[in-house]
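Next up, structure25.cif (mmCIF, C-alpha atoms):
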data_structure
loop_
_atom_site.label_atom_id
_atom_site.label_comp_id
_atom_site.auth_asym_id
_atom_site.auth_seq_id
_atom_site.Cartn_x
_atom_site.Cartn_y
_atom_site.Cartn_z
CA MET A 1 -7.46 -17.59 6.63
CA PRO A 2 -8.55 -16.96 10.25
CA LYS A 3 -6.25 -18.16 13.00
CA GLN A 4 -7.24 -21.19 15.03
CA VAL A 5 -8.19 -20.18 18.58
CA LYS A 6 -6.92 -22.40 21.38
CA THR A 7 -7.91 -21.97 25.02
CA TYR A 8 -5.57 -22.82 27.88
CA ASN A 9 -7.95 -23.20 30.78
CA LYS A 10 -6.40 -23.06 34.25
CA SER A 11 -9.65 -22.21 36.03
CA ASP A 12 -12.08 -24.60 37.72
CA LYS A 13 -14.64 -24.09 34.95
CA PRO A 14 -15.13 -26.70 32.20
CA ASP A 15 -13.39 -25.96 28.91
CA ASN A 16 -16.67 -25.47 27.00
CA VAL A 17 -17.84 -22.80 29.46
CA VAL A 18 -14.55 -20.92 29.18
CA GLU A 19 -14.57 -21.26 25.38
CA ASN A 20 -18.05 -19.72 25.19
CA GLU A 21 -16.88 -16.81 27.35
CA ASN A 22 -13.85 -16.40 25.09
CA LYS A 23 -16.04 -16.28 21.97
CA VAL A 24 -17.91 -13.30 23.41
CA PHE A 25 -14.63 -11.73 24.51
CA LEU A 26 -13.15 -12.03 21.00
CA GLU A 27 -16.34 -10.74 19.37
CA CYS A 28 -16.21 -7.68 21.64
CA GLU A 29 -12.62 -7.03 20.63
CA LYS A 30 -13.57 -7.37 16.97
CA VAL A 31 -16.31 -4.73 17.29
CA GLU A 32 -13.99 -2.45 19.28
CA GLU A 33 -11.45 -2.52 16.45
CA GLY A 34 -13.99 -0.75 14.22
CA LEU A 35 -14.75 2.01 16.74
CA PRO A 36 -12.87 5.30 17.36
CA LYS A 37 -9.69 5.01 19.42
CA PHE A 38 -10.82 7.70 21.90
CA LEU A 39 -13.32 5.16 23.24
CA ARG A 40 -10.60 2.88 24.69
CA GLY A 41 -11.35 4.04 28.22
CA PHE A 42 -15.02 3.31 27.63
CA PHE A 43 -14.15 -0.23 26.50
CA VAL A 44 -12.35 -0.81 29.79
CA TYR A 45 -15.30 0.65 31.68
CA LEU A 46 -17.74 -1.77 30.00
CA LYS A 47 -15.48 -4.76 30.58
CA GLY A 48 -15.48 -4.12 34.32
CA ASN A 49 -19.11 -3.11 34.83
CA VAL A 50 -21.48 -5.16 32.67
CA LEU A 51 -21.96 -8.80 31.74
CA PRO A 52 -20.04 -9.97 28.63
CA ALA A 53 -23.22 -10.46 26.58
CA THR A 54 -24.47 -7.00 27.57
CA ARG A 55 -21.09 -5.52 26.73
CA LEU A 56 -21.28 -7.03 23.24
CA ALA A 57 -24.83 -5.75 22.72
CA TYR A 58 -23.81 -2.22 23.78
CA LEU A 59 -20.79 -2.20 21.48
CA ARG A 60 -22.88 -3.36 18.52
CA ASP A 61 -25.50 -0.68 19.23
CA ILE A 62 -22.83 2.02 19.35
CA LEU A 63 -21.26 0.78 16.11
CA PHE A 64 -24.68 0.87 14.44
CA PHE A 65 -25.24 4.43 15.71
CA LEU A 66 -21.93 5.58 14.24
CA GLU A 67 -22.73 3.87 10.93
CA TYR A 68 -26.07 5.70 10.97
CA LEU A 69 -24.28 9.04 11.48
CA ILE A 70 -22.20 8.37 8.37
CA ALA A 71 -24.98 7.03 6.12
CA GLU A 72 -27.99 9.09 7.19
CA THR A 73 -26.75 12.45 8.55
CA ASP A 74 -24.30 15.29 7.86
CA LEU A 75 -22.98 15.20 11.44
CA THR A 76 -19.67 13.66 10.39
CA GLU A 77 -17.34 13.70 7.39
CA ALA A 78 -15.89 10.29 8.27
CA GLU A 79 -16.15 7.39 5.87
CA THR A 80 -15.89 4.70 8.54
CA PRO A 81 -16.96 4.65 12.22
CA GLU A 82 -13.33 4.40 13.31
CA GLN A 83 -12.59 7.78 11.64
CA ILE A 84 -15.28 9.73 13.50
CA SER A 85 -13.61 12.37 15.66
CA LEU A 86 -14.28 13.32 19.25
CA GLN A 87 -15.08 16.86 18.07
CA GLU A 88 -17.88 15.47 15.88
CA ILE A 89 -19.24 13.40 18.76
CA ASN A 90 -19.13 16.52 20.97
CA ARG A 91 -21.47 18.30 18.54
CA ILE A 92 -24.18 15.63 18.83
CA GLN A 93 -27.32 16.79 20.65
CA SER A 94 -30.22 14.94 22.24
CA ILE A 95 -32.37 15.54 19.18
CA ASP A 96 -29.83 13.66 17.04
CA VAL A 97 -30.07 10.59 19.27
CA ASN A 98 -33.87 10.83 19.34
CA LEU A 99 -33.95 10.92 15.54
CA PHE A 100 -31.70 7.84 15.50
CA LEU A 101 -34.04 5.96 17.85
CA ASP A 102 -36.99 6.89 15.65
CA TYR A 103 -35.03 5.69 12.59
CA CYS A 104 -34.45 2.35 14.34
CA ARG A 105 -38.16 1.68 14.67
CA LYS A 106 -38.26 0.69 11.01
CA TYR A 107 -35.45 1.07 8.49
CA LYS A 108 -34.38 -0.30 5.11
CA VAL A 109 -31.21 -2.04 3.97
CA GLU A 110 -30.89 -2.55 0.23
CA THR A 111 -28.60 -4.96 -1.58
CA GLU A 112 -28.31 -5.60 -5.32
CA LYS A 113 -31.06 -8.23 -5.25
CA THR A 114 -33.05 -7.64 -2.06
CA LEU A 115 -34.61 -4.85 -0.04
CA TYR A 116 -34.65 -5.72 3.67
CA ILE A 117 -36.98 -3.91 6.08
CA TYR A 118 -36.01 -4.16 9.75
CA GLU A 119 -38.45 -3.37 12.53
CA ASN A 120 -37.47 -3.16 16.21
CA SER A 121 -39.65 -3.57 19.27
CA ASN A 122 -39.76 -0.98 22.04
CA LYS A 123 -37.71 -3.35 24.17
CA THR A 124 -34.90 -3.31 21.58
CA LEU A 125 -35.18 0.48 21.20
CA ALA A 126 -34.90 0.84 24.97
CA ARG A 127 -31.68 -1.17 24.94
CA LYS A 128 -30.24 0.97 22.14
CA LYS A 129 -31.16 4.06 24.13
CA SER A 130 -29.49 2.53 27.19
CA SER A 131 -26.33 1.77 25.18
CA LEU A 132 -26.04 5.40 24.04
CA SER A 133 -26.93 6.72 27.50
CA VAL A 134 -24.10 4.72 29.05
CA LEU A 135 -21.72 5.99 26.34
CA PHE A 136 -22.57 9.68 26.62
CA LYS A 137 -22.64 9.62 30.43
CA TYR A 138 -19.18 8.09 30.40
CA LEU A 139 -17.87 10.68 27.92
CA TYR A 140 -19.28 13.50 30.04
CA ARG A 141 -17.96 12.03 33.28
CA ASP A 142 -14.47 11.82 31.82
CA LYS A 143 -14.79 15.36 30.38
CA LEU A 144 -14.49 14.17 26.79
CA VAL A 145 -17.69 16.03 25.86
CA ASP A 146 -18.96 19.38 27.14
CA GLU A 147 -22.45 18.40 28.30
CA ASN A 148 -24.53 15.46 29.42
CA ILE A 149 -27.15 15.16 26.69
CA THR A 150 -28.80 12.02 28.05
CA ASP A 151 -31.45 13.92 30.03
CA GLY A 152 -32.99 14.99 26.72
CA PHE A 153 -33.37 11.47 25.33
CA ASP A 154 -37.00 10.66 24.60
CA PRO A 155 -38.60 8.09 26.92
CA ILE A 156 -39.47 4.75 25.36
CA ARG A 157 -42.50 2.98 26.71
CA VAL A 158 -41.60 -0.61 27.49
CA GLN A 159 -44.15 -3.01 28.89
CA LYS A 160 -43.30 -3.81 32.49
CA ALA A 161 -42.80 -7.43 33.45
CA GLY A 162 -45.80 -7.26 35.76
CA GLU A 163 -48.01 -6.13 32.88
CA LYS A 164 -47.23 -9.19 30.79
CA GLU A 165 -49.28 -12.34 30.80
CA ILE A 166 -46.99 -15.09 32.07
CA LYS A 167 -47.00 -17.92 29.52
CA ALA A 168 -46.43 -21.35 31.01
CA LEU A 169 -47.71 -24.88 30.63
CA GLU A 170 -50.43 -26.12 32.95
CA ASP A 171 -49.62 -29.29 34.90
CA ASN A 172 -51.92 -31.38 32.69
CA GLU A 173 -50.17 -29.98 29.58
CA VAL A 174 -46.81 -30.97 31.07
CA MET A 175 -48.10 -34.53 31.35
CA VAL A 176 -49.25 -34.49 27.70
CA MET A 177 -45.80 -33.27 26.68
CA LEU A 178 -44.02 -35.96 28.69
CA ASP A 179 -46.34 -38.60 27.23
CA ALA A 180 -45.40 -37.35 23.75
CA VAL A 181 -41.68 -37.62 24.37
CA SER A 182 -42.13 -41.03 26.05
CA THR A 183 -44.39 -42.67 23.45
CA GLY A 184 -43.99 -40.57 20.29
CA GLU A 185 -47.71 -39.74 20.32
CA GLY A 186 -48.47 -36.54 18.42
CA LEU A 187 -45.29 -36.66 16.33
CA THR A 188 -45.38 -36.82 12.54
CA LYS A 189 -44.11 -39.88 10.72
CA ARG A 190 -40.89 -38.06 9.85
CA GLU A 191 -40.42 -36.81 13.42
CA ARG A 192 -40.87 -40.31 14.80
CA VAL A 193 -37.89 -41.53 12.77
CA TYR A 194 -35.63 -39.11 14.62
CA TRP A 195 -37.48 -39.60 17.91
CA GLU A 196 -36.58 -43.29 17.92
CA LYS A 197 -32.92 -42.25 18.09
CA THR A 198 -33.23 -39.33 20.54
CA LYS A 199 -36.24 -39.97 22.83
CA LYS A 200 -34.14 -40.54 25.98
CA ARG A 201 -32.10 -37.40 25.28
CA ASP A 202 -35.21 -35.35 24.59
CA LYS A 203 -36.91 -36.50 27.79
CA ALA A 204 -33.82 -35.71 29.89
CA ILE A 205 -33.73 -32.19 28.41
CA LEU A 206 -37.40 -31.53 29.16
CA ILE A 207 -37.20 -32.93 32.71
CA LEU A 208 -34.18 -30.76 33.52
CA PHE A 209 -35.93 -27.63 32.23
CA LEU A 210 -39.11 -28.46 34.13
CA THR A 211 -37.41 -29.39 37.40
CA TYR A 212 -34.90 -26.57 37.77
CA GLY A 213 -36.15 -23.83 35.46
CA LEU A 214 -32.74 -23.75 33.80
CA ARG A 215 -31.82 -21.05 31.33
CA LEU A 216 -31.09 -22.31 27.82
CA SER A 217 -27.36 -21.52 28.12
CA GLU A 218 -27.15 -23.34 31.46
CA LEU A 219 -28.56 -26.54 29.97
CA GLN A 220 -26.68 -26.29 26.70
CA GLN A 221 -23.33 -26.10 28.52
CA LEU A 222 -23.91 -29.20 30.67
CA ASN A 223 -21.27 -31.93 30.52
CA VAL A 224 -21.26 -35.58 31.55
CA SER A 225 -18.64 -34.60 34.12
CA SER A 226 -21.08 -32.03 35.53
CA PHE A 227 -22.97 -34.91 37.18
CA ASN A 228 -21.96 -36.72 40.36
CA PHE A 229 -24.48 -39.54 40.66
CA SER A 230 -23.01 -40.96 43.88
CA ARG A 231 -23.61 -37.61 45.60
CA GLY A 232 -26.88 -36.96 43.77
CA GLU A 233 -25.91 -33.53 42.42
CA PHE A 234 -24.69 -31.67 39.35
CA ILE A 235 -23.01 -28.34 38.61
CA ILE A 236 -24.31 -25.54 36.41
CA TYR A 237 -22.75 -22.20 35.53
CA ARG A 238 -24.97 -19.16 35.93
CA LYS A 239 -24.63 -15.60 34.72
CA ARG A 240 -21.26 -13.99 35.53
CA GLY A 241 -19.76 -17.50 35.59
CA LYS A 242 -21.24 -18.26 39.03
CA GLU A 243 -21.11 -21.96 39.88
CA SER A 244 -24.20 -23.58 41.44
CA VAL A 245 -24.54 -27.12 42.77
CA MET A 246 -28.01 -28.55 42.12
CA PRO A 247 -29.45 -31.58 43.96
CA MET A 248 -30.93 -34.38 41.86
CA ASN A 249 -34.28 -36.01 42.57
CA GLN A 250 -35.23 -39.53 41.48
CA SER A 251 -36.82 -38.45 38.19
CA VAL A 252 -33.77 -36.46 37.10
CA THR A 253 -31.37 -39.22 38.16
CA MET A 254 -33.44 -41.80 36.28
CA VAL A 255 -33.82 -39.97 32.95
CA VAL A 256 -30.26 -38.60 32.78
CA SER A 257 -28.75 -41.98 33.70
CA ASP A 258 -30.97 -43.73 31.18
CA TYR A 259 -29.86 -41.36 28.43
CA ILE A 260 -26.14 -41.62 29.24
CA GLN A 261 -26.13 -45.40 29.60
CA ASN A 262 -28.55 -46.45 26.87
CA GLU A 263 -28.65 -43.82 24.11
CA ARG A 264 -25.75 -41.38 24.22
CA PRO A 265 -22.89 -42.42 21.87
CA ASP A 266 -19.85 -44.07 23.42
CA ASP A 267 -17.00 -41.63 24.13
CA LYS A 268 -14.72 -43.58 21.78
CA LYS A 269 -16.94 -42.56 18.85
CA LEU A 270 -16.72 -38.84 19.67
CA ASP A 271 -14.02 -36.30 18.89
CA GLU A 272 -12.17 -34.72 21.79
CA GLU A 273 -14.10 -31.45 21.62
CA ASN A 274 -17.47 -33.16 22.16
CA ARG A 275 -16.45 -36.11 24.33
CA ASP A 276 -17.68 -34.54 27.57
CA ALA A 277 -20.75 -32.74 26.16
CA LEU A 278 -23.92 -34.13 27.72
CA PHE A 279 -26.51 -33.48 25.04
CA LEU A 280 -25.39 -34.42 21.56
CA SER A 281 -26.89 -34.05 18.11
CA LEU A 282 -27.18 -37.06 15.81
CA GLN A 283 -23.89 -35.90 14.30
CA GLY A 284 -22.17 -36.42 17.67
CA ARG A 285 -21.65 -32.72 18.39
CA ARG A 286 -22.80 -30.66 21.35
CA MET A 287 -26.34 -29.50 20.66
CA THR A 288 -26.65 -25.83 19.78
CA GLY A 289 -29.04 -23.46 21.50
CA ARG A 290 -31.12 -23.37 18.33
CA GLN A 291 -31.45 -27.17 18.21
CA ILE A 292 -32.60 -27.29 21.83
CA ARG A 293 -35.03 -24.44 21.23
CA GLU A 294 -36.61 -26.24 18.26
CA LEU A 295 -36.85 -29.46 20.27
CA VAL A 296 -38.73 -27.68 23.07
CA LYS A 297 -41.08 -25.93 20.62
CA LYS A 298 -41.92 -29.28 19.02
CA TYR A 299 -42.95 -31.03 22.24
CA THR A 300 -44.71 -28.03 23.80
CA SER A 301 -46.71 -27.54 20.61
CA ILE A 302 -48.09 -31.06 21.08
CA ALA A 303 -49.08 -30.21 24.66
CA LEU A 304 -50.70 -26.96 23.54
CA LYS A 305 -52.38 -28.59 20.50
CA THR A 306 -50.99 -25.91 18.20
CA SER A 307 -48.61 -25.67 15.25
CA ARG A 308 -44.89 -26.29 15.70
CA LYS A 309 -44.31 -22.55 15.32
CA GLY A 310 -46.81 -21.96 18.11
CA GLY A 311 -44.82 -24.04 20.59
CA TYR A 312 -43.12 -22.53 23.62
CA SER A 313 -39.50 -21.52 24.08
CA PRO A 314 -37.20 -22.95 26.80
CA HIS A 315 -37.75 -19.73 28.77
CA LYS A 316 -41.43 -20.60 29.06
CA LEU A 317 -40.47 -23.96 30.54
CA ARG A 318 -38.53 -21.89 33.09
CA ALA A 319 -41.80 -20.08 33.77
CA THR A 320 -43.57 -23.44 33.97
CA ALA A 321 -41.17 -24.63 36.67
CA ALA A 322 -41.69 -21.41 38.64
CA THR A 323 -45.49 -21.37 38.41
CA SER A 324 -45.75 -25.08 39.23
CA LEU A 325 -43.56 -24.73 42.33
CA ILE A 326 -45.42 -21.67 43.57
CA GLY A 327 -48.74 -23.37 42.80
CA ARG A 328 -47.66 -26.26 45.03
CA GLY A 329 -47.19 -23.83 47.91
CA GLU A 330 -43.40 -23.53 47.81
CA SER A 331 -41.83 -20.37 49.24
CA ILE A 332 -41.28 -17.60 46.72
CA TYR A 333 -37.85 -17.03 48.28
CA ASP A 334 -36.88 -20.68 47.80
CA VAL A 335 -38.09 -20.60 44.19
CA ALA A 336 -36.11 -17.39 43.61
CA ALA A 337 -32.97 -19.13 44.89
CA LEU A 338 -33.56 -22.15 42.63
CA LEU A 339 -34.08 -20.00 39.53
CA ASP A 340 -31.19 -17.64 40.37
CA HIS A 341 -33.36 -14.51 40.47
CA GLU A 342 -31.46 -11.55 41.88
CA GLN A 343 -34.72 -9.92 43.03
CA VAL A 344 -37.61 -11.84 44.58
CA THR A 345 -39.96 -9.42 42.83
CA THR A 346 -39.07 -11.23 39.60
CA THR A 347 -40.26 -14.51 41.11
CA GLN A 348 -43.46 -12.94 42.37
CA LEU A 349 -44.49 -12.34 38.76
CA TYR A 350 -45.01 -16.09 38.45
CA ALA A 351 -47.56 -16.21 41.28
CA ARG A 352 -50.80 -17.44 39.77
CA GLU A 353 -53.49 -16.00 42.04
CA LYS A 354 -54.78 -13.62 39.35
CA ARG A 355 -54.86 -16.33 36.74
CA ASN A 356 -56.75 -18.65 39.09
CA VAL A 357 -59.23 -15.90 39.96
CA ARG A 358 -59.88 -15.29 36.27
CA ARG A 359 -60.26 -19.00 35.68
CA GLN A 360 -62.80 -19.34 38.49
CA LEU A 361 -64.77 -16.32 37.28
CA VAL A 362 -64.97 -17.69 33.75
CA ARG A 363 -65.87 -21.14 35.09
CA ASP A 364 -68.88 -19.61 36.81
CA MET A 365 -70.12 -17.98 33.59
CA GLU A 366 -70.95 -21.01 31.44
CA TRP A 367 -73.60 -19.34 29.30
CA GLU A 368 -73.89 -22.01 26.62
CA LEU A 369 -73.92 -24.89 29.09
CA GLU A 370 -76.63 -23.13 31.10
CA ARG A 371 -78.62 -22.46 27.94
CA THR A 372 -78.38 -26.09 26.86
CA GLU A 373 -79.25 -27.34 30.32
CA SER A 374 -82.26 -25.00 30.44
CA GLN A 375 -83.51 -26.27 27.07
CA ASN A 376 -83.08 -29.88 28.14
CA ASN A 377 -85.06 -29.21 31.31
CA LYS A 378 -87.88 -27.65 29.28
CA GLN A 379 -88.02 -30.61 26.92
CA GLU A 380 -88.10 -33.08 29.81
CA SER A 381 -90.95 -31.22 31.46
#

Please render this file's structure as structure tokens.
Amino acid sequence: MPKQVKTYNKSDKPDNVVENENKVFLECEKVEEGLPKFLRGFFVYLKGNVLPATRLAYLRDILFFLEYLIAETDLTEAETPEQISLQEINRIQSIDVNLFLDYCRKYKVETEKTLYIYENSNKTLARKKSSLSVLFKYLYRDKLVDENITDGFDPIRVQKAGEKEIKALEDNEVMVMLDAVSTGEGLTKRERVYWEKTKKRDKAILILFLTYGLRLSELQQLNVSSFNFSRGEFIIYRKRGKESVMPMNQSVTMVVSDYIQNERPDDKKLDEENRDALFLSLQGRRMTGRQIRELVKKYTSIALKTSRKGGYSPHKLRATAATSLIGRGESIYDVAALLDHEQVTTTQLYAREKRNVRRQLVRDMEWELERTESQNNKQES
């Protein structure tokens, strides 16, 4: 039976934020236990140089690579990743890593009843390559291997952010979405049953995403105690645990207050763990990231007039906030500060000049309307 984990929080961060950080910390330690002991220095290096979530992703990639060596190659005689020796790692060449990356594009995992086929995008392959590059550079730097093999890793073409079409709601679509959450219009009969119990919560979630361009984790971690209504501000926790104080406008104050006062369950009905959580499920527990994601997809799908699966993710509401602010003439630097972009070039991707140019060009090429108008003119004459 697994031990119960208790957190003694002496920092200024809320308990739920610290507990989430601790979950990642413990998961990293769990993966490290299954890796060779000669990588202990590398574990320390990762802990001090990358974000916790990135550290976990790197460790999982490295574990998968070692499992691949055992199952798919004759490069090791080990039966478990932990047993792989430094001498065996030292014999690995660039070609071996390149073959692994090619294997990761599409591979099979077979159980007694099911054959699973996994396919990875170039973005995922690039991260796996990055994980192994960081590992082998560290091993070479600390003279644990004889050569730096990373220069021979095959390049992986990943679409640049600037090449992607930014997906965001138009202002009129935002209004359709807010009408849906306010009136229930566009919801199915079954969805309306739940909407009657959660409409104030749902609206508060959407308004916060649209106003501040919050990341999903930033919204999910919000507490009632995060809000100071007398000062008109609330606190969020960014990447690397950075605390940011956000000002509240009238719309945000109105919808969040309305939810807390008129819909959110009374604290006496909640267990201690969820008593301070702002956004609660119908079961009285802090909403999960998945629940919030599904909620956003539902309402955005109504705005987009598409299927529920075709709805947008919370990250696209972040893009909506950025494009709307820039479209209103706000400074890119100010928008970058609001969204917590480390580089203003990231914010510039949301500038909509190209989209507006395209829209104007297409607007001026109304072939069918011109054809119909021409026919009507002929008939009249």

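In this comparison, which uses all atoms listed in the file, the residue of A:Leu69, A:Ala204, A:Pro314, A:Leu338 approaching Arg290 of chain A most closely is A:Pro314.
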
Legend entry - Shortest interatomic distance to Asp276 of chain A - which of A:Val255, A:Ile156, A:Ala180, A:Ile260, counting only C-alpha atoms: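 Among the listed residues, A:Ile260 lies closest to Asp276 of chain A.
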
Please identify every residue of segment 145-259 of chain A that has at least one atom no farther than 9 Å from an atom of segment 279-283 of chain A, counting all atoms listed in the file, and for each give the shortest atom pair and the distance in Å to one decimal, arranged by chain then increasing number, as CSV.
residue,atom,partner,partner_atom,distance
A:Tyr194,CA,A:Leu282,CA,8.8
A:Lys197,CA,A:Leu282,CA,8.1
A:Thr198,CA,A:Leu282,CA,8.0
A:Arg201,CA,A:Phe279,CA,6.8
A:Asp202,CA,A:Phe279,CA,8.9
A:Ile205,CA,A:Phe279,CA,8.1
A:Leu219,CA,A:Phe279,CA,8.8
A:Gln220,CA,A:Phe279,CA,7.4
A:Gln221,CA,A:Phe279,CA,8.8
A:Leu222,CA,A:Phe279,CA,7.5
A:Asn223,CA,A:Phe279,CA,7.7
A:Val224,CA,A:Phe279,CA,8.6

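Straight-line separation from atom CA of Glu119 of chain A to atom CA of Lys167 of chain A: 23.9 Å.
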
Inset, instruction - Enter the distance from atom CA of Thr54 of chain A to atom CA of Ser217 of chain A, in Å, rounded to one decimal. - result: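 About the pair atom CA of Thr54 of chain A and atom CA of Ser217 of chain A: they are 14.8 Å apart.
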
Inset, instruction - Measuring atom to atom with only C-alpha atoms, identify which of A:Ala78, A:Leu349, A:Met177, A:Ala53 is nearest to Glu21 of chain A. - result: A:Ala53

Legend entry - Shell around Val18 of chain A at 12 Å using all atoms listed in the file, local window under 2 positions removed, as a list of chain:residue names: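 The contact residues come out as A:Lys6, A:Thr7, A:Tyr8, A:Asn9, A:Lys10, A:Ser11, A:Asp12, A:Lys13, A:Pro14, A:Asp15, A:Asn16, A:Asn20, A:Glu21, A:Asn22, A:Lys23, A:Val24, A:Phe25, A:Gln221, A:Tyr237, A:Arg240, A:Gly241.
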
Inset, instruction - Determine, counting only C-alpha atoms, which protein, DNA and RNA residues have an atom within 10 Å of an atom of Thr183 of chain A; residues of the same chain fewer than 5 positions away are not included. Present the result as a PyMOL selection string. - result: chain A and resi 178+192+195-196+199

Using only C-alpha atoms, please write the residues we just selected to a file, as a JSON list (two decimals), keeping the file's coordinate frame.
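Final file, again00.json:
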[["chain", "number", "residue", "atom", "x", "y", "z"],
["A", 178, "LEU", "CA", -44.02, -35.96, 28.69],
["A", 192, "ARG", "CA", -40.87, -40.31, 14.80],
["A", 195, "TRP", "CA", -37.48, -39.60, 17.91],
["A", 196, "GLU", "CA", -36.58, -43.29, 17.92],
["A", 199, "LYS", "CA", -36.24, -39.97, 22.83]]

Legend entry - Residue among A:Tyr68, A:Phe209, A:Tyr312, A:Tyr45 lying closest to Val134 of chain A, counting all atoms listed in the file: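 Looking at the shortest contact to Val134 of chain A, the residue is A:Tyr45.
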
Inset, instruction - Quick one: pull the distance between atom CA of Val193 of chain A and atom CA of Pro265 of chain A, Å, one decimal. - result: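 So the two atoms, atom CA of Val193 of chain A and atom CA of Pro265 of chain A, lie 17.6 Å apart.
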
Between segment 163-243 of chain A and segment 320-334 of chain A, at 7 Å or less, what are the per-residue closest atom pairs and their distances in Å? Count all atoms listed in the file, order by chain and rising residue number, and return it as a Markdown table.
| residue | atom | partner | partner_atom | distance |
| --- | --- | --- | --- | --- |
| A:Ala168 | CA | A:Thr320 | CA | 4.6 |
| A:Leu169 | CA | A:Thr320 | CA | 5.5 |
| A:Leu210 | CA | A:Ala321 | CA | 5.0 |
| A:Thr211 | CA | A:Ala321 | CA | 6.1 |
| A:Tyr212 | CA | A:Ala321 | CA | 6.7 |
| A:Gly213 | CA | A:Ala321 | CA | 5.2 |

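For the set A:Met175, A:Glu88, A:Ser230, A:Val50, the residue with the smallest atom-to-atom gap to Ala303 of chain A is A:Met175, counting all atoms listed in the file.
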
Inset, instruction - Any chance you could resolve the PyMOL selection byres ((chain A and resi 47) around 12) against this file and give the residues as a list of chain:residue names? - result: A:Val24, A:Phe25, A:Cys28, A:Glu29, A:Glu32, A:Arg40, A:Gly41, A:Phe42, A:Phe43, A:Val44, A:Tyr45, A:Leu46, A:Gly48, A:Asn49, A:Val50, A:Leu51, A:Pro52, A:Ala53, A:Thr54, A:Arg55, A:Leu56, A:Tyr58, A:Leu59, A:Arg240

Legend entry - Counting all atoms listed in the file, the option among A:Ile62, A:Ala57, A:Val174, A:Ile92 closest to Leu135 of chain A: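 Between A:Ile62, A:Ala57, A:Val174, A:Ile92, the residue approaching Leu135 of chain A most closely is A:Ile62.
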
Inset, instruction - Tell me, as a ChimeraX atom specification, which residues lie within 8 Å of Leu304 of chain A, counting all atoms listed in the file; anything in the same chain fewer than 4 positions away does not count. - result: /A:169,173,300,311

So that I can see what lies close to Lys106 of chain A, please list as an mmCIF file with C-alpha atoms, in the coordinates of the input the residues with an atom at most 8 Å from it, counting only C-alpha atoms and leaving out residues fewer than 6 positions away in the same chain.
data_model
loop_
_atom_site.group_PDB
_atom_site.id
_atom_site.type_symbol
_atom_site.label_atom_id
_atom_site.label_comp_id
_atom_site.auth_asym_id
_atom_site.auth_seq_id
_atom_site.Cartn_x
_atom_site.Cartn_y
_atom_site.Cartn_z
ATOM 1 C CA ILE A 117 -36.980 -3.910 6.080
ATOM 2 C CA TYR A 118 -36.010 -4.160 9.750
ATOM 3 C CA GLU A 119 -38.450 -3.370 12.530
ATOM 4 C CA ASN A 120 -37.470 -3.160 16.210
#

Legend entry - Contacts of Leu101 of chain A within 9 Å, only C-alpha atoms, excl. fewer than 6 positions in-chain, as a count of residues only: 5

With the PyMOL selection byres ((chain A and resi 141-146) around 8) as the selection, what would be picked from this file? Answer as a short mmCIF file (atom, residue, chain, number, x, y, z; two decimals) with C-alpha atoms, in the frame of the given file, please.
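Resulting contents of part06.cif:
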data_model
loop_
_atom_site.label_atom_id
_atom_site.label_comp_id
_atom_site.auth_asym_id
_atom_site.auth_seq_id
_atom_site.Cartn_x
_atom_site.Cartn_y
_atom_site.Cartn_z
CA LEU A 86 -14.28 13.32 19.25
CA ILE A 89 -19.24 13.40 18.76
CA ASN A 90 -19.13 16.52 20.97
CA LYS A 137 -22.64 9.62 30.43
CA TYR A 138 -19.18 8.09 30.40
CA LEU A 139 -17.87 10.68 27.92
CA TYR A 140 -19.28 13.50 30.04
CA GLU A 147 -22.45 18.40 28.30
CA ASN A 148 -24.53 15.46 29.42
#

Inset, instruction - Determine the residue set returned by the PyMOL selection byres ((chain A and resi 341) around 12) for the present structure, and present it as JSON, numbers by chain. - result: {"A": [213, 214, 215, 238, 239, 318, 322, 332, 333, 334, 335, 336, 337, 338, 339, 340, 342, 343, 344, 345, 346, 347, 348, 349, 350]}
